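As structure tokens, the structure follows; a few thoughts come after it.
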Amino acid sequence: MNQFNAADVCCVIILIGYFLHFALPALAGGFVEDEIIALWTHWYPGPLKSLWANICFWKGIGRPGGAVYYLPLYHFFGLNPQPYRIAQISILAASIPIAYYLARLIASSRSIAFLAVLAFCYHGQLANLVFSGAFSYDVLCGFFYFAALTYYIHIRERGLLLRPMQWVGFLALYICALNAKEMAVTLPVVVFIYELLKYPRGVERPKFSRWILHCASPALAAGMITAIYCYNKIYGLGFAGNFSTEVIEYRLNPARPDSWIIATLLEPFTPRYTWHRFVESNTRFFSELFYLGPNHVLTGEMLVAIWALLFAYAFLRRDHALQLMAFWVVVTPLPLAFLTPRGGGRLYIPLFGWAMIFAKLAWDVLTVIYKSPALLRQSGRWRTQVQESLGDVVTDRPRWTPIRAAAGAMRQMSSLRFQTFAMIVIAFGLAVFTQWENQRSARARTILNSGQKAVHVIQALRSLNLHPAPGSTILLMPEKHFYQRGYYPGYFASLARDNPLRQVIVELAPRYWYYVGSLVWGNPTLRIYVEDQDQFSEEQIAKMNYIISFDEFQAKLMRSPPG
């Protein structure tokens with residue numbers, strides 16, 4: 001591969017500028033409900049416990065990597081949403097040069113890398129990755145995932161094996177990706193497949209053993225980490241750690257055991273290992289990534305046929321980059337494939353594989369077009385004119401061999417220029433389509449509007465200018481018309497949709513305001529209760545230090561301590 005040079009730097013700058021064109025409006029965004037809950041989850045146990053969970057990654061409890069992101073932002077900026085949006089956009093922008101260099105390493109082509117990352121850095125169906133703070137885990141996971149893989153392939157493409165400290169660096173980046181989100185578990189598989197594709201054919205068994213020991217050992221070590229992580233995720237607290245008794249402190253009706261509530265809350269995250277779920281998820285993923293829309297007619301058989309054609313083309317083409325990406329698009333969605341089908345920003349890592357395949361196919365199609373018979377005839381006439389101008393001796397006499405080589409180089413350069421120009425045209429068309437799709441779907445605008453509701457409530461509570469003493473009791477009373485307007489916190493509403501226990505979840509929705517109040521006043525010793533969630537006698541209400549009535553835009557202090 002050519003060295004990373006000034007042309008590559010220019011490509012990266014253009015790609016970052018292109019991404020920021022779509023991403024900068026997100027600076028006006030607020031907080032979606034999931035982000036408030038995620039922030040509270042890391043803040044309430046305290047920084048030491050949250051950071052210690054990152055070190056004890058093997059326990060697989062929750063997503064502790066979010067603490068490294070959320071706690072500094074909350075410490076320095078409180079509940080001002082703009083720094084959170086700046087941080088999210090910055091991490092995505094920092095991922096662009098990493099992804100570009102990875103594409104350059106794999107494809108050995110600047111044009112292919114540029115077109116692939118152009119398709120990857122902003123996707124209209126993945127707008128929530130940029131505009132919704134709830135996808136900060138996906139952003140962090142993708143950043144460390146690509147950083148770890150790029151670091152590994154950078155070393156291996158130079159023909160070197162990882163030294164001990166490089167092992168540590170690679171595994172540390174991988175653990176950071178794991179701590180951010182479960183999607184990272186596919187990295188050891190991708191690295192192992194990369195090494196398998198590099199392994200020379202026809203090598204006798206003793207050398208294969210040495211290959212396992214030296215070349216595949218980092219992937220196997222990462223695989224051992226993954227096995228421990230997955231075991232604790234499946235059989236330990238796992239994702240339920242985010243919904244532990246510290247987070248869900250509901251006063252439940254005896255007729256509704258805790259297990260029912262927790263099972264309901266975790267339903268979207270509970271895998272169902274069936275062929276139907278696998279096909280349903282992957283057809284949705286493919287449809288979203290290729291803008292087929294919600295009413296697509298893609299079936300499981302069609303998807304398997306597409307995969308089969310892709311593998312056949314990659315291996316008949318004998319292109320290692322295509323081969324790796326063929327495995328990539330099947331392997332990387334596996335952590336999502338057996339869950340309740342949901343796409344969006346969760347497809348950040350699989351998107352890279354499809355973007356690379358798109359760029360490689362575009363390059364190959366342009367190559368075929370250039371070498372088509374009509375163009376070959378035109379090329380032949382041009383070649384005849386060159387020979388006539390230089391004389392027959394150019395092709396007949398040995399001393400003119402350098403000139404013949406130069407003429408061949410000119411023809412080859414002409415092909416490269418044609419393909420490069422055509423790739424620029426395709427990139428421009430892709431950018432125009434993405435702009436059109438972004439405006440048509442209005443997905444970004446919808447997310448921005450939804451994030452404003454939490455900001456309004458935060459501002460309303462702040463306007464009271466309260467400074468509750470540690471240990472104070474506070475009763476929050478959402479106005480009835482707040483809910484009558486149809487606004488339930490989106491996190492609970494999304495869980496309630498098409499769920500047989502919908503009423504149970506809707507009744508839990510007021511709990512969300514407990515998280516908001518806790519973060520507004522920033523004191524974990526406060527005892528905050530929410531009307532409609534917690535039932536109190538008149539005597540208990542009379543002992544409350546503060547009673548606050550509020551809706552989306554204003555808050556009223558109904559009671560406060562004397563003096």
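Just remember, in the structure tokens the first chain shown is A, the second B, etc., residues are 1-based per chain, and ligands are 1-based in the order shown.
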Can you list every residue of region 301-338 of chain A that has an atom at most 10 Å from region 87-107 of chain A, with its nearest atom pair and the distance in Å to one decimal, using only C-alpha atoms, ordered by chain then number, as a tab-separated table?
residue	atom	partner	partner_atom	distance
A:Asp319	CA	A:Ala107	CA	9.0
A:His320	CA	A:Ile106	CA	8.0
A:Ala321	CA	A:Ile106	CA	5.5
A:Leu322	CA	A:Ala107	CA	8.4
A:Leu324	CA	A:Ile106	CA	8.8
A:Met325	CA	A:Ile106	CA	9.5
Next, dump the selected residues to file, keeping only all heavy atoms, as a PDB file, in the first residue's frame.
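Written output follows (result_30.pdb):
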ATOM      1  N   ASP A 319     -10.193 -11.462  -4.194  1.00  0.00           N
ATOM      2  CA  ASP A 319      -9.915 -10.160  -3.585  1.00  0.00           C
ATOM      3  C   ASP A 319     -10.067 -10.303  -2.072  1.00  0.00           C
ATOM      4  O   ASP A 319     -11.173 -10.510  -1.562  1.00  0.00           O
ATOM      5  CB  ASP A 319     -10.890  -9.112  -4.126  1.00  0.00           C
ATOM      6  CG  ASP A 319     -10.556  -7.703  -3.680  1.00  0.00           C
ATOM      7  OD1 ASP A 319     -10.366  -7.496  -2.471  1.00  0.00           O
ATOM      8  OD2 ASP A 319     -10.497  -6.798  -4.532  1.00  0.00           O
ATOM      9  N   HIS A 320      -8.967 -10.188  -1.330  1.00  0.00           N
ATOM     10  CA  HIS A 320      -9.010 -10.383   0.121  1.00  0.00           C
ATOM     11  C   HIS A 320      -9.876  -9.337   0.809  1.00  0.00           C
ATOM     12  O   HIS A 320     -10.529  -9.640   1.819  1.00  0.00           O
ATOM     13  CB  HIS A 320      -7.596 -10.355   0.685  1.00  0.00           C
ATOM     14  CG  HIS A 320      -6.818 -11.601   0.395  1.00  0.00           C
ATOM     15  ND1 HIS A 320      -5.548 -11.836   0.889  1.00  0.00           N
ATOM     16  CD2 HIS A 320      -7.131 -12.699  -0.340  1.00  0.00           C
ATOM     17  CE1 HIS A 320      -5.115 -13.004   0.471  1.00  0.00           C
ATOM     18  NE2 HIS A 320      -6.058 -13.556  -0.280  1.00  0.00           N
ATOM     19  N   ALA A 321      -9.871  -8.112   0.294  1.00  0.00           N
ATOM     20  CA  ALA A 321     -10.702  -7.078   0.910  1.00  0.00           C
ATOM     21  C   ALA A 321     -12.179  -7.429   0.792  1.00  0.00           C
ATOM     22  O   ALA A 321     -12.937  -7.327   1.770  1.00  0.00           O
ATOM     23  CB  ALA A 321     -10.421  -5.728   0.259  1.00  0.00           C
ATOM     24  N   LEU A 322     -12.606  -7.860  -0.397  1.00  0.00           N
ATOM     25  CA  LEU A 322     -13.998  -8.247  -0.580  1.00  0.00           C
ATOM     26  C   LEU A 322     -14.340  -9.470   0.255  1.00  0.00           C
ATOM     27  O   LEU A 322     -15.447  -9.572   0.810  1.00  0.00           O
ATOM     28  CB  LEU A 322     -14.269  -8.531  -2.056  1.00  0.00           C
ATOM     29  CG  LEU A 322     -14.738  -7.350  -2.916  1.00  0.00           C
ATOM     30  CD1 LEU A 322     -14.871  -7.768  -4.368  1.00  0.00           C
ATOM     31  CD2 LEU A 322     -16.051  -6.789  -2.401  1.00  0.00           C
ATOM     32  N   LEU A 324     -13.007 -10.386   3.125  1.00  0.00           N
ATOM     33  CA  LEU A 324     -13.141  -9.980   4.521  1.00  0.00           C
ATOM     34  C   LEU A 324     -14.462  -9.253   4.752  1.00  0.00           C
ATOM     35  O   LEU A 324     -15.155  -9.488   5.750  1.00  0.00           O
ATOM     36  CB  LEU A 324     -11.965  -9.084   4.920  1.00  0.00           C
ATOM     37  CG  LEU A 324     -11.982  -8.569   6.363  1.00  0.00           C
ATOM     38  CD1 LEU A 324     -11.912  -9.718   7.362  1.00  0.00           C
ATOM     39  CD2 LEU A 324     -10.817  -7.596   6.607  1.00  0.00           C
ATOM     40  N   MET A 325     -14.839  -8.371   3.821  1.00  0.00           N
ATOM     41  CA  MET A 325     -16.077  -7.621   3.986  1.00  0.00           C
ATOM     42  C   MET A 325     -17.311  -8.515   3.833  1.00  0.00           C
ATOM     43  O   MET A 325     -18.353  -8.255   4.436  1.00  0.00           O
ATOM     44  CB  MET A 325     -16.131  -6.467   2.982  1.00  0.00           C
ATOM     45  CG  MET A 325     -15.098  -5.378   3.252  1.00  0.00           C
ATOM     46  SD  MET A 325     -15.248  -4.630   4.907  1.00  0.00           S
ATOM     47  CE  MET A 325     -13.820  -5.333   5.744  1.00  0.00           C
TER      48      MET A 325
END
With only C-alpha atoms counted and 10 Å as the cut-off, give the residues of region 70-93 of chain A in contact with region 521-545 of chain A, each with its shortest interatomic distance in Å and the pair that gives it, as a tab-separated table.
residue	atom	partner	partner_atom	distance
A:Tyr74	CA	A:Gly522	CA	9.5
A:His75	CA	A:Gly522	CA	9.6
A:Gly78	CA	A:Gly522	CA	8.5
A:Leu79	CA	A:Gly522	CA	9.9
Only all heavy atoms, please: the residues just picked out, written as a PDB file, in the first residue's frame.
ATOM      1  N   TYR A  74     -21.028  15.617  32.915  1.00  0.00           N
ATOM      2  CA  TYR A  74     -21.977  16.055  33.949  1.00  0.00           C
ATOM      3  C   TYR A  74     -21.264  16.876  35.021  1.00  0.00           C
ATOM      4  O   TYR A  74     -21.812  17.868  35.521  1.00  0.00           O
ATOM      5  CB  TYR A  74     -22.650  14.839  34.573  1.00  0.00           C
ATOM      6  CG  TYR A  74     -23.632  15.199  35.669  1.00  0.00           C
ATOM      7  CD1 TYR A  74     -24.847  15.799  35.363  1.00  0.00           C
ATOM      8  CD2 TYR A  74     -23.331  14.944  37.003  1.00  0.00           C
ATOM      9  CE1 TYR A  74     -25.747  16.132  36.368  1.00  0.00           C
ATOM     10  CE2 TYR A  74     -24.219  15.276  38.009  1.00  0.00           C
ATOM     11  CZ  TYR A  74     -25.424  15.869  37.688  1.00  0.00           C
ATOM     12  OH  TYR A  74     -26.302  16.206  38.682  1.00  0.00           O
ATOM     13  N   HIS A  75     -20.035  16.480  35.360  1.00  0.00           N
ATOM     14  CA  HIS A  75     -19.293  17.205  36.390  1.00  0.00           C
ATOM     15  C   HIS A  75     -19.017  18.642  35.972  1.00  0.00           C
ATOM     16  O   HIS A  75     -19.167  19.573  36.777  1.00  0.00           O
ATOM     17  CB  HIS A  75     -17.981  16.486  36.686  1.00  0.00           C
ATOM     18  CG  HIS A  75     -17.099  17.206  37.659  1.00  0.00           C
ATOM     19  ND1 HIS A  75     -17.337  17.210  39.014  1.00  0.00           N
ATOM     20  CD2 HIS A  75     -15.978  17.979  37.470  1.00  0.00           C
ATOM     21  CE1 HIS A  75     -16.415  17.931  39.622  1.00  0.00           C
ATOM     22  NE2 HIS A  75     -15.579  18.408  38.709  1.00  0.00           N
ATOM     23  N   GLY A  78     -22.950  19.936  33.915  1.00  0.00           N
ATOM     24  CA  GLY A  78     -24.277  19.678  34.444  1.00  0.00           C
ATOM     25  C   GLY A  78     -25.209  19.135  33.380  1.00  0.00           C
ATOM     26  O   GLY A  78     -24.862  18.217  32.631  1.00  0.00           O
ATOM     27  N   LEU A  79     -26.405  19.702  33.281  1.00  0.00           N
ATOM     28  CA  LEU A  79     -27.401  19.256  32.313  1.00  0.00           C
ATOM     29  C   LEU A  79     -27.540  20.247  31.161  1.00  0.00           C
ATOM     30  O   LEU A  79     -28.626  20.456  30.620  1.00  0.00           O
ATOM     31  CB  LEU A  79     -28.753  19.045  33.002  1.00  0.00           C
ATOM     32  CG  LEU A  79     -28.800  17.865  33.972  1.00  0.00           C
ATOM     33  CD1 LEU A  79     -30.173  17.759  34.620  1.00  0.00           C
ATOM     34  CD2 LEU A  79     -28.456  16.561  33.271  1.00  0.00           C
TER      35      LEU A  79
END
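One distance worth recording is that between CA of Gly66 (chain A) and CA of Tyr151 (chain A), which is 22.6 Å.
Of the residues listed (A:Asn5, A:Thr226, A:Ser450, A:Thr332), A:Thr332 shows the shortest atom-to-atom separation from Ile349 (chain A); distances use only C-alpha atoms.
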Write out as a compact mmCIF listing (two decimals) with N, CA, C and O atoms, in the first residue's frame the residues lying within 9 Å of Leu197 (chain A), counting only C-alpha atoms and excluding same-chain residues fewer than 3 positions away.
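Result file is result-v2.txt:
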# COMPACT_ATOMS: atom_id res chain seq x y z
N PHE A 192 -9.67 -12.90 13.43
CA PHE A 192 -9.31 -14.28 13.09
C PHE A 192 -9.55 -14.56 11.60
O PHE A 192 -8.74 -15.20 10.93
N ILE A 193 -10.68 -14.08 11.07
CA ILE A 193 -10.96 -14.26 9.64
C ILE A 193 -9.93 -13.52 8.80
O ILE A 193 -9.46 -14.03 7.77
N TYR A 194 -9.54 -12.32 9.23
CA TYR A 194 -8.49 -11.57 8.53
C TYR A 194 -7.21 -12.40 8.45
O TYR A 194 -6.57 -12.47 7.39
N PRO A 200 -1.21 -18.44 3.89
CA PRO A 200 -0.89 -19.00 2.57
C PRO A 200 -1.42 -20.41 2.42
O PRO A 200 -1.38 -21.21 3.35
N HIS A 320 -8.97 -10.19 -1.33
CA HIS A 320 -9.01 -10.38 0.12
C HIS A 320 -9.88 -9.34 0.81
O HIS A 320 -10.53 -9.64 1.82
N GLN A 323 -13.43 -10.41 0.34
CA GLN A 323 -13.66 -11.61 1.14
C GLN A 323 -13.88 -11.26 2.61
O GLN A 323 -14.80 -11.75 3.25
N LEU A 324 -13.01 -10.39 3.12
CA LEU A 324 -13.14 -9.98 4.52
C LEU A 324 -14.46 -9.25 4.75
O LEU A 324 -15.16 -9.49 5.75
